[in-house]
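Colleague: target22.pdb is the file, holding PDB, C-alpha atoms:
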MODEL        1
ATOM      1  CA  MET J 986      -2.632  13.994   3.388  1.00  0.00           C
ATOM      2  CA  ASN J 987      -1.272  10.443   3.592  1.00  0.00           C
ATOM      3  CA  THR J 988       2.481  11.032   3.465  1.00  0.00           C
ATOM      4  CA  VAL J 989       4.899   8.950   5.470  1.00  0.00           C
ATOM      5  CA  ILE J 990       5.335  11.909   7.850  1.00  0.00           C
ATOM      6  CA  ALA J 991       1.566  12.120   8.388  1.00  0.00           C
ATOM      7  CA  ARG J 992       1.514   8.379   9.102  1.00  0.00           C
ATOM      8  CA  ILE J 993       4.377   8.776  11.593  1.00  0.00           C
ATOM      9  CA  ASP J 994       2.312  11.468  13.345  1.00  0.00           C
ATOM     10  CA  ARG J 995      -0.700   9.131  13.454  1.00  0.00           C
ATOM     11  CA  ALA J 996       1.424   6.305  14.882  1.00  0.00           C
ATOM     12  CA  ILE J 997       2.936   8.634  17.493  1.00  0.00           C
ATOM     13  CA  ASP J 998      -0.530   9.839  18.530  1.00  0.00           C
ATOM     14  CA  MET J 999      -1.981   6.322  18.624  1.00  0.00           C
ATOM     15  CA  THR J1000       0.905   5.082  20.742  1.00  0.00           C
ATOM     16  CA  ALA J1001       0.646   8.131  23.027  1.00  0.00           C
ATOM     17  CA  ALA J1002      -2.941   7.173  23.892  1.00  0.00           C
ATOM     18  CA  ILE J1003      -1.806   3.616  24.631  1.00  0.00           C
ATOM     19  CA  VAL J1004       1.156   4.706  26.776  1.00  0.00           C
ATOM     20  CA  LYS J1005      -1.069   7.101  28.697  1.00  0.00           C
ATOM     21  CA  GLY J1006      -3.344   4.177  29.596  1.00  0.00           C
ATOM     22  CA  ILE J1007      -0.667   1.761  30.832  1.00  0.00           C
ATOM     23  CA  PRO J1008      -1.184   1.133  34.544  1.00  0.00           C
ATOM     24  CA  ALA J1009       2.007   1.078  36.611  1.00  0.00           C
ATOM     25  CA  GLU J1010       1.354  -2.543  37.570  1.00  0.00           C
ATOM     26  CA  HIS J1011       1.556  -3.567  33.876  1.00  0.00           C
ATOM     27  CA  MET J1012       5.102  -2.263  33.336  1.00  0.00           C
ATOM     28  CA  ASN J1013       6.460  -5.787  33.840  1.00  0.00           C
ATOM     29  CA  ALA J1014       3.881  -7.457  31.584  1.00  0.00           C
ATOM     30  CA  GLN J1015       5.192  -9.586  28.732  1.00  0.00           C
ATOM     31  CA  THR J1016       4.808  -8.136  25.226  1.00  0.00           C
ATOM     32  CA  PRO J1017       4.480  -9.849  21.824  1.00  0.00           C
ATOM     33  CA  CYS J1018       8.089  -8.694  21.360  1.00  0.00           C
ATOM     34  CA  VAL J1019       9.192 -11.626  23.527  1.00  0.00           C
ATOM     35  CA  GLU J1020      12.604 -10.318  24.526  1.00  0.00           C
ATOM     36  CA  TRP J1021      11.057  -7.263  26.258  1.00  0.00           C
ATOM     37  CA  ASP J1022       8.460  -6.565  28.908  1.00  0.00           C
ATOM     38  CA  VAL J1023       6.385  -3.357  28.697  1.00  0.00           C
ATOM     39  CA  HIS J1024       8.991  -1.213  30.490  1.00  0.00           C
ATOM     40  CA  GLU J1025      11.874  -2.477  28.347  1.00  0.00           C
ATOM     41  CA  LEU J1026       9.928  -2.112  25.108  1.00  0.00           C
ATOM     42  CA  LEU J1027       8.793   1.399  26.024  1.00  0.00           C
ATOM     43  CA  ASN J1028      12.393   2.337  26.874  1.00  0.00           C
ATOM     44  CA  HIS J1029      13.530   0.981  23.484  1.00  0.00           C
ATOM     45  CA  LEU J1030      10.804   2.969  21.721  1.00  0.00           C
ATOM     46  CA  VAL J1031      11.482   6.247  23.560  1.00  0.00           C
ATOM     47  CA  GLY J1032      15.217   5.844  23.021  1.00  0.00           C
ATOM     48  CA  GLY J1033      14.708   5.236  19.314  1.00  0.00           C
ATOM     49  CA  MET J1034      12.457   8.270  18.978  1.00  0.00           C
ATOM     50  CA  ASN J1035      15.041  10.493  20.666  1.00  0.00           C
ATOM     51  CA  ILE J1036      17.895   9.076  18.596  1.00  0.00           C
ATOM     52  CA  PHE J1037      16.029   9.514  15.301  1.00  0.00           C
ATOM     53  CA  ALA J1038      15.133  13.084  16.302  1.00  0.00           C
ATOM     54  CA  ALA J1039      18.747  13.905  17.165  1.00  0.00           C
ATOM     55  CA  GLN J1040      19.981  12.602  13.821  1.00  0.00           C
ATOM     56  CA  LEU J1041      17.290  14.505  11.941  1.00  0.00           C
ATOM     57  CA  ARG J1042      18.447  17.674  13.719  1.00  0.00           C
ATOM     58  CA  GLY J1043      22.067  16.886  12.831  1.00  0.00           C
ATOM     59  CA  VAL J1044      23.278  16.336  16.398  1.00  0.00           C
ATOM     60  CA  GLU J1045      24.588  13.346  18.306  1.00  0.00           C
ATOM     61  CA  PRO J1046      22.123  11.723  20.717  1.00  0.00           C
ATOM     62  CA  ASP J1047      23.014  12.278  24.361  1.00  0.00           C
ATOM     63  CA  ARG J1048      22.599   8.574  25.248  1.00  0.00           C
ATOM     64  CA  GLY J1049      22.819   5.159  23.673  1.00  0.00           C
ATOM     65  CA  HIS J1050      19.772   3.225  22.542  1.00  0.00           C
ATOM     66  CA  HIS J1051      19.842   0.840  25.511  1.00  0.00           C
ATOM     67  CA  ASP J1052      20.402   3.489  28.193  1.00  0.00           C
ATOM     68  CA  ASP J1053      17.586   4.585  30.509  1.00  0.00           C
ATOM     69  CA  TRP J1054      15.275   6.918  28.586  1.00  0.00           C
ATOM     70  CA  LEU J1055      12.254   6.609  30.878  1.00  0.00           C
ATOM     71  CA  GLY J1056      13.528   7.912  34.211  1.00  0.00           C
ATOM     72  CA  VAL J1057      10.913   7.932  36.949  1.00  0.00           C
ATOM     73  CA  ASP J1058       7.956   8.803  34.685  1.00  0.00           C
ATOM     74  CA  PRO J1059       7.636   6.587  31.589  1.00  0.00           C
ATOM     75  CA  ARG J1060       4.474   8.353  30.398  1.00  0.00           C
ATOM     76  CA  ALA J1061       6.133  11.776  30.525  1.00  0.00           C
ATOM     77  CA  ALA J1062       9.236  10.379  28.819  1.00  0.00           C
ATOM     78  CA  TYR J1063       7.095   9.119  25.925  1.00  0.00           C
ATOM     79  CA  ALA J1064       5.153  12.404  25.726  1.00  0.00           C
ATOM     80  CA  ASP J1065       8.407  14.392  25.583  1.00  0.00           C
ATOM     81  CA  ALA J1066       9.901  12.062  22.971  1.00  0.00           C
ATOM     82  CA  ALA J1067       6.722  12.303  20.886  1.00  0.00           C
ATOM     83  CA  VAL J1068       6.964  16.106  20.689  1.00  0.00           C
ATOM     84  CA  ILE J1069      10.674  16.033  19.843  1.00  0.00           C
ATOM     85  CA  ASP J1070      10.299  13.209  17.317  1.00  0.00           C
ATOM     86  CA  SER J1071       7.351  14.698  15.470  1.00  0.00           C
ATOM     87  CA  ALA J1072       9.021  18.124  15.270  1.00  0.00           C
ATOM     88  CA  ALA J1073      12.185  16.552  13.850  1.00  0.00           C
ATOM     89  CA  TRP J1074      10.294  14.687  11.120  1.00  0.00           C
ATOM     90  CA  HIS J1075       8.642  17.979  10.139  1.00  0.00           C
ATOM     91  CA  LEU J1076      11.985  19.716   9.508  1.00  0.00           C
ATOM     92  CA  PRO J1077      12.119  20.800   5.850  1.00  0.00           C
ATOM     93  CA  ASP J1078      15.115  18.556   5.060  1.00  0.00           C
ATOM     94  CA  ALA J1079      14.136  15.527   7.150  1.00  0.00           C
ATOM     95  CA  LEU J1080      13.677  13.207   4.179  1.00  0.00           C
ATOM     96  CA  GLU J1081      16.928  14.422   2.594  1.00  0.00           C
ATOM     97  CA  ARG J1082      19.123  13.210   5.472  1.00  0.00           C
ATOM     98  CA  GLU J1083      20.989   9.936   5.832  1.00  0.00           C
ATOM     99  CA  ILE J1084      20.126   8.196   9.099  1.00  0.00           C
ATOM    100  CA  ARG J1085      22.532   5.803  10.854  1.00  0.00           C
ATOM    101  CA  LEU J1086      20.902   2.625  12.076  1.00  0.00           C
ATOM    102  CA  GLY J1087      22.379  -0.468  13.678  1.00  0.00           C
ATOM    103  CA  PHE J1088      22.886  -2.096  10.275  1.00  0.00           C
ATOM    104  CA  GLY J1089      24.167   1.004   8.422  1.00  0.00           C
ATOM    105  CA  SER J1090      23.035   4.319   6.989  1.00  0.00           C
ATOM    106  CA  VAL J1091      19.803   4.644   5.061  1.00  0.00           C
ATOM    107  CA  PRO J1092      18.319   7.517   3.050  1.00  0.00           C
ATOM    108  CA  GLY J1093      15.643   9.655   4.712  1.00  0.00           C
ATOM    109  CA  PRO J1094      12.601   8.142   2.950  1.00  0.00           C
ATOM    110  CA  MET J1095      13.618   4.603   3.979  1.00  0.00           C
ATOM    111  CA  ALA J1096      14.470   5.796   7.498  1.00  0.00           C
ATOM    112  CA  ALA J1097      10.978   7.286   7.734  1.00  0.00           C
ATOM    113  CA  VAL J1098       9.345   3.959   6.811  1.00  0.00           C
ATOM    114  CA  ILE J1099      11.563   2.123   9.300  1.00  0.00           C
ATOM    115  CA  HIS J1100      10.685   4.635  12.006  1.00  0.00           C
ATOM    116  CA  LEU J1101       6.982   4.410  11.192  1.00  0.00           C
ATOM    117  CA  THR J1102       7.274   0.635  11.523  1.00  0.00           C
ATOM    118  CA  GLU J1103       8.990   0.963  14.914  1.00  0.00           C
ATOM    119  CA  VAL J1104       6.448   3.369  16.395  1.00  0.00           C
ATOM    120  CA  LEU J1105       3.392   1.615  14.977  1.00  0.00           C
ATOM    121  CA  VAL J1106       4.411  -1.988  15.653  1.00  0.00           C
ATOM    122  CA  HIS J1107       5.683  -1.262  19.153  1.00  0.00           C
ATOM    123  CA  GLY J1108       2.464   0.662  19.795  1.00  0.00           C
ATOM    124  CA  VAL J1109       0.596  -2.505  18.810  1.00  0.00           C
ATOM    125  CA  ASP J1110       2.896  -4.546  21.079  1.00  0.00           C
ATOM    126  CA  LEU J1111       2.108  -2.228  24.004  1.00  0.00           C
ATOM    127  CA  ALA J1112      -1.638  -2.262  23.309  1.00  0.00           C
ATOM    128  CA  VAL J1113      -1.766  -6.065  23.160  1.00  0.00           C
ATOM    129  CA  ALA J1114       0.343  -6.429  26.317  1.00  0.00           C
ATOM    130  CA  THR J1115      -1.851  -4.027  28.304  1.00  0.00           C
ATOM    131  CA  GLY J1116      -5.315  -4.898  26.973  1.00  0.00           C
ATOM    132  CA  GLN J1117      -5.804  -1.669  24.999  1.00  0.00           C
ATOM    133  CA  GLU J1118      -6.344  -3.017  21.480  1.00  0.00           C
ATOM    134  CA  ARG J1119      -9.428  -0.808  21.121  1.00  0.00           C
ATOM    135  CA  LEU J1120      -7.036   2.179  20.779  1.00  0.00           C
ATOM    136  CA  LEU J1121      -5.261   0.804  17.723  1.00  0.00           C
ATOM    137  CA  ASP J1122      -5.541   2.524  14.354  1.00  0.00           C
ATOM    138  CA  GLU J1123      -6.604  -0.471  12.270  1.00  0.00           C
ATOM    139  CA  GLU J1124      -6.454   1.518   9.024  1.00  0.00           C
ATOM    140  CA  LEU J1125      -2.846   2.486   9.718  1.00  0.00           C
ATOM    141  CA  CYS J1126      -2.024  -1.130  10.628  1.00  0.00           C
ATOM    142  CA  ALA J1127      -3.555  -2.352   7.343  1.00  0.00           C
ATOM    143  CA  ASP J1128      -1.613   0.274   5.409  1.00  0.00           C
ATOM    144  CA  MET J1129       1.637  -0.748   7.134  1.00  0.00           C
ATOM    145  CA  LEU J1130       0.976  -4.423   6.414  1.00  0.00           C
ATOM    146  CA  ALA J1131       0.450  -3.637   2.713  1.00  0.00           C
ATOM    147  CA  THR J1132       3.632  -1.541   2.639  1.00  0.00           C
ATOM    148  CA  MET J1133       5.664  -4.293   4.287  1.00  0.00           C
ATOM    149  CA  ARG J1134       4.310  -6.951   1.941  1.00  0.00           C
ATOM    150  CA  ASP J1135       5.135  -4.732  -1.062  1.00  0.00           C
ATOM    151  CA  MET J1136       8.669  -4.038   0.201  1.00  0.00           C
ATOM    152  CA  GLY J1137       9.377  -7.582   1.303  1.00  0.00           C
ATOM    153  CA  THR J1138      10.844  -8.120   4.732  1.00  0.00           C
ATOM    154  CA  ASP J1139      12.737 -11.387   4.330  1.00  0.00           C
ATOM    155  CA  ASN J1140      16.084  -9.608   4.894  1.00  0.00           C
ATOM    156  CA  PHE J1141      14.763  -8.479   8.289  1.00  0.00           C
ATOM    157  CA  ARG J1142      13.531 -11.900   9.420  1.00  0.00           C
ATOM    158  CA  ALA J1143      16.237 -12.452  12.002  1.00  0.00           C
ATOM    159  CA  PRO J1144      16.404 -12.728  15.788  1.00  0.00           C
ATOM    160  CA  GLY J1145      15.748  -9.346  17.362  1.00  0.00           C
ATOM    161  CA  MET J1146      13.857  -8.090  14.322  1.00  0.00           C
ATOM    162  CA  PHE J1147      11.074 -10.103  12.680  1.00  0.00           C
ATOM    163  CA  GLY J1148      10.326 -13.786  12.909  1.00  0.00           C
ATOM    164  CA  PRO J1149       8.825 -16.094  10.296  1.00  0.00           C
ATOM    165  CA  GLU J1150       5.280 -15.206   9.282  1.00  0.00           C
ATOM    166  CA  LEU J1151       2.664 -16.886  11.464  1.00  0.00           C
ATOM    167  CA  PRO J1152      -0.713 -18.114  10.199  1.00  0.00           C
ATOM    168  CA  MET J1153      -3.580 -15.655  10.651  1.00  0.00           C
ATOM    169  CA  PRO J1154      -7.039 -15.590   9.063  1.00  0.00           C
ATOM    170  CA  GLU J1155      -7.467 -12.860   6.433  1.00  0.00           C
ATOM    171  CA  ASP J1156     -10.557 -11.592   8.259  1.00  0.00           C
ATOM    172  CA  ALA J1157      -8.635 -11.020  11.512  1.00  0.00           C
ATOM    173  CA  PRO J1158      -8.190  -7.372  12.611  1.00  0.00           C
ATOM    174  CA  ALA J1159      -5.385  -5.613  10.748  1.00  0.00           C
ATOM    175  CA  HIS J1160      -3.169  -5.314  13.824  1.00  0.00           C
ATOM    176  CA  ARG J1161      -3.279  -9.076  14.343  1.00  0.00           C
ATOM    177  CA  ARG J1162      -2.459  -9.724  10.676  1.00  0.00           C
ATOM    178  CA  LEU J1163       0.443  -7.241  10.944  1.00  0.00           C
ATOM    179  CA  CYS J1164       1.746  -9.000  14.061  1.00  0.00           C
ATOM    180  CA  ALA J1165       1.473 -12.407  12.384  1.00  0.00           C
ATOM    181  CA  TYR J1166       3.281 -11.153   9.291  1.00  0.00           C
ATOM    182  CA  LEU J1167       6.142 -10.013  11.536  1.00  0.00           C
ATOM    183  CA  GLY J1168       6.226 -13.310  13.436  1.00  0.00           C
ATOM    184  CA  ARG J1169       4.598 -11.980  16.591  1.00  0.00           C
ATOM    185  CA  ALA J1170       1.800 -13.815  18.373  1.00  0.00           C
ATOM    186  CA  CYS J1171      -0.785 -11.180  19.272  1.00  0.00           C
TER     187      CYS J1171
ENDMDL
END
In structure tokens, write the structure found in this file.
Modeller:
Amino acid sequence: MNTVIARIDRAIDMTAAIVKGIPAEHMNAQTPCVEWDVHELLNHLVGGMNIFAAQLRGVEPDRGHHDDWLGVDPRAAYADAAVIDSAAWHLPDALEREIRLGFGSVPGPMAAVIHLTEVLVHGVDLAVATGQERLLDEELCADMLATMRDMGTDNFRAPGMFGPELPMPEDAPAHRRLCAYLGRAC
């Protein structure tokens, strides 16, 4: 089954393996998402997962996106968020909900694609920053790149989101082509 929910689960699992392998001394490493180091990016990701899950359950999140979501154990925070997030996307009405994002509300199917993008791309960011590219799901990265090209992302090419597309050979690994498409140097 290759539904958007199944792809979210794959991205969550891929990123879980990457987070599990991040040594404590790499938490301050720079990521391809230049405004964040590993700790900040992981906090952003865990916060987003918790906020999406709360909205899918019809409740208000207990913290803001930029609050501390990692506490003293970033790996455990991600693992907990992964369980909560996946369960929320598997609710029977998950794709029927409107989800509030920073730029407005979007219907469930679009929110799912946006969330998939967040989890997958930030998983790639973490893998690149911590030398764990071998753990990336290249098939999922290629699928996401095709989806993004089909949808067009020019409206999202703005500071804090995606930069201008960077050159990348077509025979480069899918995760590198995805990064380049989003304006990230991987």
Colleague: Just say which residues the PyMOL selection byres ((chain J and resi 1125) around 12) picks in this file, as a PyMOL selection string.
Modeller: chain J and resi 987-989+991-1000+1101-1102+1104-1106+1108-1109+1120-1124+1126-1132+1158-1160+1163
Colleague: Suppose you want the space between CA of Ala1039 in chain J and CA of Leu1080 in chain J; what is it in Å?
Modeller: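 CA of Ala1039 in chain J sits 14.0 Å away from CA of Leu1080 in chain J.
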Colleague: Restricting the calculation to only C-alpha atoms: of J:Trp1054, J:Tyr1063, J:Trp1074, J:Phe1088, which residue gets closest to Phe1037 in chain J?
Modeller: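 Once distances to Phe1037 in chain J are computed over only C-alpha atoms, the minimum belongs to J:Trp1074.
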Colleague: Any chance you could work out the residue set of the PyMOL selection byres ((chain J and resi 1015) around 10) here, as a PDB file with C-alpha atoms, keeping the file's coordinate frame?
Modeller:
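Everything below was put into expr.pdb:
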ATOM      1  CA  HIS J1011       1.556  -3.567  33.876  1.00  0.00           C
ATOM      2  CA  MET J1012       5.102  -2.263  33.336  1.00  0.00           C
ATOM      3  CA  ASN J1013       6.460  -5.787  33.840  1.00  0.00           C
ATOM      4  CA  ALA J1014       3.881  -7.457  31.584  1.00  0.00           C
ATOM      5  CA  THR J1016       4.808  -8.136  25.226  1.00  0.00           C
ATOM      6  CA  PRO J1017       4.480  -9.849  21.824  1.00  0.00           C
ATOM      7  CA  CYS J1018       8.089  -8.694  21.360  1.00  0.00           C
ATOM      8  CA  VAL J1019       9.192 -11.626  23.527  1.00  0.00           C
ATOM      9  CA  GLU J1020      12.604 -10.318  24.526  1.00  0.00           C
ATOM     10  CA  TRP J1021      11.057  -7.263  26.258  1.00  0.00           C
ATOM     11  CA  ASP J1022       8.460  -6.565  28.908  1.00  0.00           C
ATOM     12  CA  VAL J1023       6.385  -3.357  28.697  1.00  0.00           C
ATOM     13  CA  HIS J1024       8.991  -1.213  30.490  1.00  0.00           C
ATOM     14  CA  GLU J1025      11.874  -2.477  28.347  1.00  0.00           C
ATOM     15  CA  LEU J1026       9.928  -2.112  25.108  1.00  0.00           C
ATOM     16  CA  ASP J1110       2.896  -4.546  21.079  1.00  0.00           C
ATOM     17  CA  LEU J1111       2.108  -2.228  24.004  1.00  0.00           C
ATOM     18  CA  VAL J1113      -1.766  -6.065  23.160  1.00  0.00           C
ATOM     19  CA  ALA J1114       0.343  -6.429  26.317  1.00  0.00           C
ATOM     20  CA  THR J1115      -1.851  -4.027  28.304  1.00  0.00           C
TER      21      THR J1115
END
Colleague: Give me the box for range 1092-1110 of chain J as lines of an AutoDock Vina configuration file, namely the centre and edge lengths in Å to one decimal of a box along x, y and z that holds every listed atom plus 4 Å on each side.
Modeller:
center_x = 9.5
center_y = 2.6
center_z = 12.0
size_x = 25.7
size_y = 22.2
size_z = 26.1
Colleague: Tell me which of J:Ala1062, J:Met1133, J:Ile1036, J:Ala1072 sits closest to Arg1085 in chain J, counting all atoms listed in the file.
Modeller: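 So, comparing all the options, the nearest one is J:Ile1036.
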Colleague: What's the 9 Å shell around Arg1060 in chain J, counting only C-alpha atoms, without same-chain residues fewer than 2 positions away, as JSON, numbers by chain?
Modeller: {"J": [1001, 1004, 1005, 1006, 1007, 1055, 1058, 1062, 1063, 1064, 1065]}
Colleague: Write out the residues from the selection above, keeping C-alpha atoms, as a compact mmCIF listing (two decimals), keeping the file's coordinate frame.
Modeller:
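part.txt written:
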# COMPACT_ATOMS: atom_id res chain seq x y z
CA ALA J 1001 0.65 8.13 23.03
CA VAL J 1004 1.16 4.71 26.78
CA LYS J 1005 -1.07 7.10 28.70
CA GLY J 1006 -3.34 4.18 29.60
CA ILE J 1007 -0.67 1.76 30.83
CA LEU J 1055 12.25 6.61 30.88
CA ASP J 1058 7.96 8.80 34.68
CA ALA J 1062 9.24 10.38 28.82
CA TYR J 1063 7.10 9.12 25.92
CA ALA J 1064 5.15 12.40 25.73
CA ASP J 1065 8.41 14.39 25.58
Colleague: Set the distance at 7 Å and use all atoms listed in the file: which residues neighbour range 1167-1169 of chain J once local chain neighbours fewer than 5 positions away are removed? I'd like the list as a list of chain:residue names.
Modeller: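 That gives J:Pro1017, J:Cys1018, J:Phe1147, J:Gly1148, J:Pro1149, J:Glu1150, J:Leu1151.
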Colleague: Could you save the residues just selected, with C-alpha atoms, as a PDB file, in the frame of the given file?
Modeller:
ATOM      1  CA  PRO J1017       4.480  -9.849  21.824  1.00  0.00           C
ATOM      2  CA  CYS J1018       8.089  -8.694  21.360  1.00  0.00           C
ATOM      3  CA  PHE J1147      11.074 -10.103  12.680  1.00  0.00           C
ATOM      4  CA  GLY J1148      10.326 -13.786  12.909  1.00  0.00           C
ATOM      5  CA  PRO J1149       8.825 -16.094  10.296  1.00  0.00           C
ATOM      6  CA  GLU J1150       5.280 -15.206   9.282  1.00  0.00           C
ATOM      7  CA  LEU J1151       2.664 -16.886  11.464  1.00  0.00           C
TER       8      LEU J1151
END
Colleague: Can you give me, as a list of chain:residue names, the residues this file yields under the PyMOL selection byres ((chain J and resi 1050) around 7)?
Modeller: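 Given this file, the PyMOL selection byres ((chain J and resi 1050) around 7) evaluates to J:His1029, J:Gly1032, J:Gly1033, J:Arg1048, J:Gly1049, J:His1051, J:Asp1052.
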Colleague: What is the distance, in Å and to one decimal place, between CA of Asp1078 in chain J and CA of Glu1103 in chain J?
Modeller: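 Atom-to-atom, CA of Asp1078 in chain J and CA of Glu1103 in chain J are spaced 21.1 Å apart.
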Colleague: Rounded to one decimal, what separation in Å do you get between CA of Glu1118 in chain J and CA of Ala1165 in chain J?
Modeller: 15.2 Å
